[in-house]
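Visitor: To start, I am sharing the structure in question, which I have written as structure tokens.
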Protein chains: 2
Amino acid sequence: MIRHDVFQLFPSISIGGTMKRLIRRFSTLTKDRYPDLKRGSFSSLQDKDVQFFESILNKNQVITDADEVQSYNIDWLKANCGYSSIVLKPRTTEQVSAILKHCNERKLAVCPQGGNTGLVGGGVPVFDEIIISTSLMNKIINLNTLTGVLTCQSGCVLESLSNHLKDHGFIMPIDLGAKGSCQIGGNVSTNAGGLRLLRYGSLHSTVLGVQAVLANGDVVDCMNTLKKDNTGYHLKHLFIGSEGTLGLVTEVAIQCPPLPKATNLALLGLSSFEQVLNAFKLARGNLAEILSSCELMDQDSVKVVEKNLGLTCPLPNMPFYMLIETSGSNMSHDEEKLNMFLETCLEQKVILDGFATSEPSKMKVLWDIRERITGALLKDGYSYKYDVSLPLNVFYDIILEFRERLKDLNQVKTICGYGHLGDGNLHVNMTSSEYDEKIKKTIEPFIYEWISKHRGSISAEHGVGFLKSKYLHFSKTQKEIDMMKSLKSNMDPNGIMNPYKVLF
Amino acid sequence: MIRHDVFQLFPSISIGGTMKRLIRRFSTLTKDRYPDLKRGSFSSLQDKDVQFFESILNKNQVITDADEVQSYNIDWLKANCGYSSIVLKPRTTEQVSAILKHCNERKLAVCPQGGNTGLVGGGVPVFDEIIISTSLMNKIINLNTLTGVLTCQSGCVLESLSNHLKDHGFIMPIDLGAKGSCQIGGNVSTNAGGLRLLRYGSLHSTVLGVQAVLANGDVVDCMNTLKKDNTGYHLKHLFIGSEGTLGLVTEVAIQCPPLPKATNLALLGLSSFEQVLNAFKLARGNLAEILSSCELMDQDSVKVVEKNLGLTCPLPNMPFYMLIETSGSNMSHDEEKLNMFLETCLEQKVILDGFATSEPSKMKVLWDIRERITGALLKDGYSYKYDVSLPLNVFYDIILEFRERLKDLNQVKTICGYGHLGDGNLHVNMTSSEYDEKIKKTIEPFIYEWISKHRGSISAEHGVGFLKSKYLHFSKTQKEIDMMKSLKSNMDPNGIMNPYKVLF
């Protein structure tokens with residue numbers, strides 16, 4: 001696997017010279033961007049540490065070449081950049097355990113890294129933390145073709161798992177734009193959401209088992225493959241969504257649903273957000289158990305994909321777009337339900353226009369528009385990204401609020417909203433040609449106050465990472481934060497696991 | 001609400017004289033049944049404690065009348081009996097907080113109790129723990145009719161929540177035989193499974209928010225009502241399934257699915273367990289997204305209901321029975337799928353006989369047979385109950401194993417297996433007219449060793465409680481148990497929350 005496949009997400013940028021120029025151009029170190037931030041009182045890497053790592057790992061598993069390490073120091077958003085001097089690439093749980101045991105004894109901070117596709121700076125170092133990349137832990141251990149339970153190492157890339165499952169009549173219960181690069185261990189550690197959550201639930205529901213290594217090197221093996229197991233505390237949930245701060249996930253067991261026999265996708269054009277909500281209600285009623293995705297894109301989201309990536313949307317100039325996917329076991333039943341839904345939408349004038357397709361190549365064209373918005377925005381230069389949950393009655397108001405608030409800042413190139421409407425989850429994005437402190441300060445902390453006031457979540461699916469840790473109190477009470485801190489210091493007394501992230 | 005409605009589960013026993021005789025007959029104290037068990041070094045209840053409780057609660061919320069307290073000391077299985085002298089019935093979270101704060105400062109042990117329908121002795125005291133009953137905390141706080149999110153206090157009875165939801169077009173994502181008595185707080189605290197798990201997933205997936213009071217009286221309010229919230233550690237999961245040992249659940253927010261527009265139920269008669277598996281595979285393939293229950297009953301399970309409760313099964317003398325339920329949005333589509341499934345089963349000689357119905361009264365007759373097996377077994381006298389997860393290839397072997405192992409013990413009245421086949425969960429039951437140490441010792445610990453050898457779970461959905469705590473290591477590694485103990489001592493340093501349960 002090529003390390004740089006994170007840039008599959010950003011396909012028009014080649015890996016060679018352009019990549020290096022990009023890194024040079026945007027590599028403001030996080031520590032310089034946040035001068036008040038103090039490095040924790042961790043030890044610094046010494047020759048004897050490198051020698052220890054080289055004694056337990058092969059040569060190609062210990063990377064110290066500055067150029068090569070650099071691509072692990074910076075996230076693909078170009079917003080966060082550490083200055084670690086070493087990347088370790090274990091292949092086994094035992095190697096992870098030995099690394100962490102050493103780091104804990106030496107009080108060396110570590111930063112676990114999966115596919116490096118995170119959007120909140122959780123997967124790259126803030127200072128000089130040792131990077132532990134799981135990318136060589138990419139073995140599929142087993143697929144039980146009777147039950148659909150897949151067990152694999154944490155470094156398996158989501159798309160390669162999907163491809164493997166497809167051959168056996170199953171699909172992954174999770175799918176997201178970054179599938180070509182993101183790793184299942186990172187998905188689990190961040191409780192990633194994505195396009196199929198509406199149908200198959202969150203990873204708290206589909207992940208049956210987790211194996212993780214604690215800060216002190218202890219291996220906690222909760223690799224249950226049973227659907228039901230009520231013996232004691234449900235420890236796996238501590239590792240799902242704690243972003244590598246409580247342990248490093250090394251193996252995962254996940255319940256995979258059967259591959260649907262019939263898939264349909266409809267693209268709708270709508271005149272207002274009110275009509276979007278009406279369409280959603282009709283979809284839930286008419287499509288019910290076969291509804292598998294309900295995505296929203298506003299006009300500016302689609303425009304940026306057209307402008308920056310040259311894609312073409314088949315329904316031009318609609319104020320709002322929805323992608324409605326159905327997955328079921330009987331094509332004629334599903335088509336009947338979907339046609340009934342579309343007819344009702346047209347009759348009731350809920351949509352301006354719309355069409356459905358079950359042809360894979362056509363569905364791909366439509367999904368591409370939705371999935372490549374993030375990459376398209378990044379071509380504007382710098383993205384200010386917010387991933388929020390909001391009650392549906394104020395869902396789109398946040399975009400209107402920011403159009404107003406940012407209207408005098410000419411540096412702003414795009415303001416758009418898109419996301420998983422069916423799960424109450426909106427991606428709020430603004431861009432400028434480069435990072436602009438004034439824009440940032442006009443957005444933050446106002447946006448978090450606004451979300452908190454409307455009882456939303458300041459991070460629906462992207463997690464807290466580094467970028468949002470100081471805003472945690474906008475979504476969590478002090479007692480909750482206290483309990484989190486108590487858990488953290490109980491499980492990682494030296495605080496070596498992914499410091500400066502989540503709780504800070 | 002009448003306190004004794006737990007006996008709705010056991011309808012042929014009236015609450016008055018019979019109940020009292022039953023209690024007298026079976027009230028061997030747990031401490032006498034387990035003479036080696038030592039009471040923890042907790043304080044004993046003093047007059048000043050009672051005075052404190054009376055100062056913060058109304059008169060009818062502090063029960064000290066010995067007769068009345070007795071019905072809270074004993075579980076409905078008649079297998080576990082403590083000797084607490086007080087029951088507290090708070091109405092609010094603040095009252096729970098004040099009670100626990102006092103108990104923690106005084107080192108008084110407490111036993112949280114919901115509907116007292118548990119099957120592992122988790123909800124009654126082992127010694128003299130103060131019983132905190134949530135039965136007066138029965139307020140529905142809100143139902144969001146757009147999103148289907150229900151918020152309520154923990155003492156709401158499951159069936160009354162279901163009835164409330166039905167009027168608004170929703171259903172609870174959980175359903176179980178004890179629904180007339182069990183409380184949502186107990187369901188959450190034990191991660192109860194039940195009949196709809198196959199379709200809607202476990203409570204880890206449907207519970208959006210939990211409010212709980214910690215041992216020291218701190219209220220941890222994770223009452224999120226959003227579908228997605230990735231801000232920090234997912235604390236609610238610590239309270240789901242920890243059986244009141246980490247905190248007392250006071251409020252719950254739960255995602256409720258829309259009421260299905262079409263429900264069908266099929267009863268199948270089959271000749272062998274091999275054919276049961278074939279029918280399950282066909283059901284998954286043909287019914288897919290509308291399959292909502294897949295239950296198994298063996299011949300002896302049905303016989304005991306017929307013999308002890310006088311019910312009649314419409315298909316007589318089948319070696320195995322299955323109940324296959326579909327829930328969907330379009331009756332004609334669903335019936336077409338179900339008919340296709342039944343035809344295929346008959347054509348391929350997978351079933352001996354079978355029929356489907358969508359008539360509510362007929363469906364109730366069929367569900368009654370399944371749901372009342374537990375009560376019917378109890379009429380034999382004493383039930384040795386085991387609730388296990390097993391891989392499907394050895395699923396029913398455990399029953400055959402015990403028929404052989406117990407064949408010379410004439411005291412054994414029934415040996416049967418039934419349960420949630422679709423979730424890999426079997427209820428293994430043996431009965432005798434009264435508790436028999438020899439039978440118990442022939443079953444245990446052999447049964448746990450057998451399950452462990454076959455990589456199953458010794459408790460699929462009933463939890464660990466008191467009865468299974470010493471067998472936890474058959475399903476969990478020492479590292480997992482160590483981590484659980486560490487969490488427990490971190491969150492409840494004095495160990496007052498439901499002692500002798502889960503970890504012991």
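In the structure tokens, chains take letters A, B, ... by order of appearance, with residues numbered from 1 within each chain and ligands from 1 in the order shown.
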Pick out the chain A residues within 7 Å of chain B. Count only C-alpha atoms. Give them as a ChimeraX atom specification.
Guide: /A:201-202,204-205,220,226-234,237-238,241-242,288-289,328-329,333,389,423-424,457,459-464,472,475,479-480,484,502
Visitor: Might you pull out every residue within 10 Å of Glu359 of chain B, with only C-alpha atoms counted and same-chain residues fewer than 6 positions away left off, and present them as an MDAnalysis selection string?
Guide: chainID B and resid 263:265
Visitor: Please identify all polymer residues within 7 Å of segment 368-374 of chain A, counting only C-alpha atoms, omitting same-chain residues fewer than 5 positions from it, and present them as a list in words.
Guide: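 These residues fall inside the cut-off: Gly177, Ser301, Val302 and Val305 of chain A.
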Visitor: Can you list, as a list in words, every protein, DNA or RNA residue that comes within 8 Å of Ser133 of chain B when you count only C-alpha atoms, leaving out same-chain residues fewer than 2 positions away?
Guide: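 Counting only the stated atoms, we get Val87, Leu88, Lys89, Pro90, Pro112, Gln113, Gly114, Ile131, Ser135 and Leu136 of chain B.
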Visitor: Can you tell me, as a PyMOL selection string, what residues are no more than 6 Å from segment 95-106 of chain A when counting only C-alpha atoms, ignoring any on the same chain fewer than 5 positions away?
Guide: chain A and resi 90+215-217
Visitor: Distance atom CA of Leu77 of chain A-atom CA of Cys313 of chain A, one decimal place?
Guide: 25.3 Å
Visitor: Taking into account only C-alpha atoms, which residue in the set A:Leu259, A:Cys152, A:Ile171, A:Ile74 is nearest to Gly122 of chain A?
Guide: A:Ile74
Visitor: Using only C-alpha atoms, which residues sit within 8 Å of Met172 of chain A once same-chain residues fewer than 4 positions away are excluded, as a ChimeraX atom specification?
Guide: /A:161-162,165,256-257
Visitor: Skip Thr28 of chain B itself and residues of its chain fewer than 2 positions away, then list as a PyMOL selection string all residues within 8 Å of it, counting only C-alpha atoms.
Guide: chain B and resi 26+30+32-33+80-81
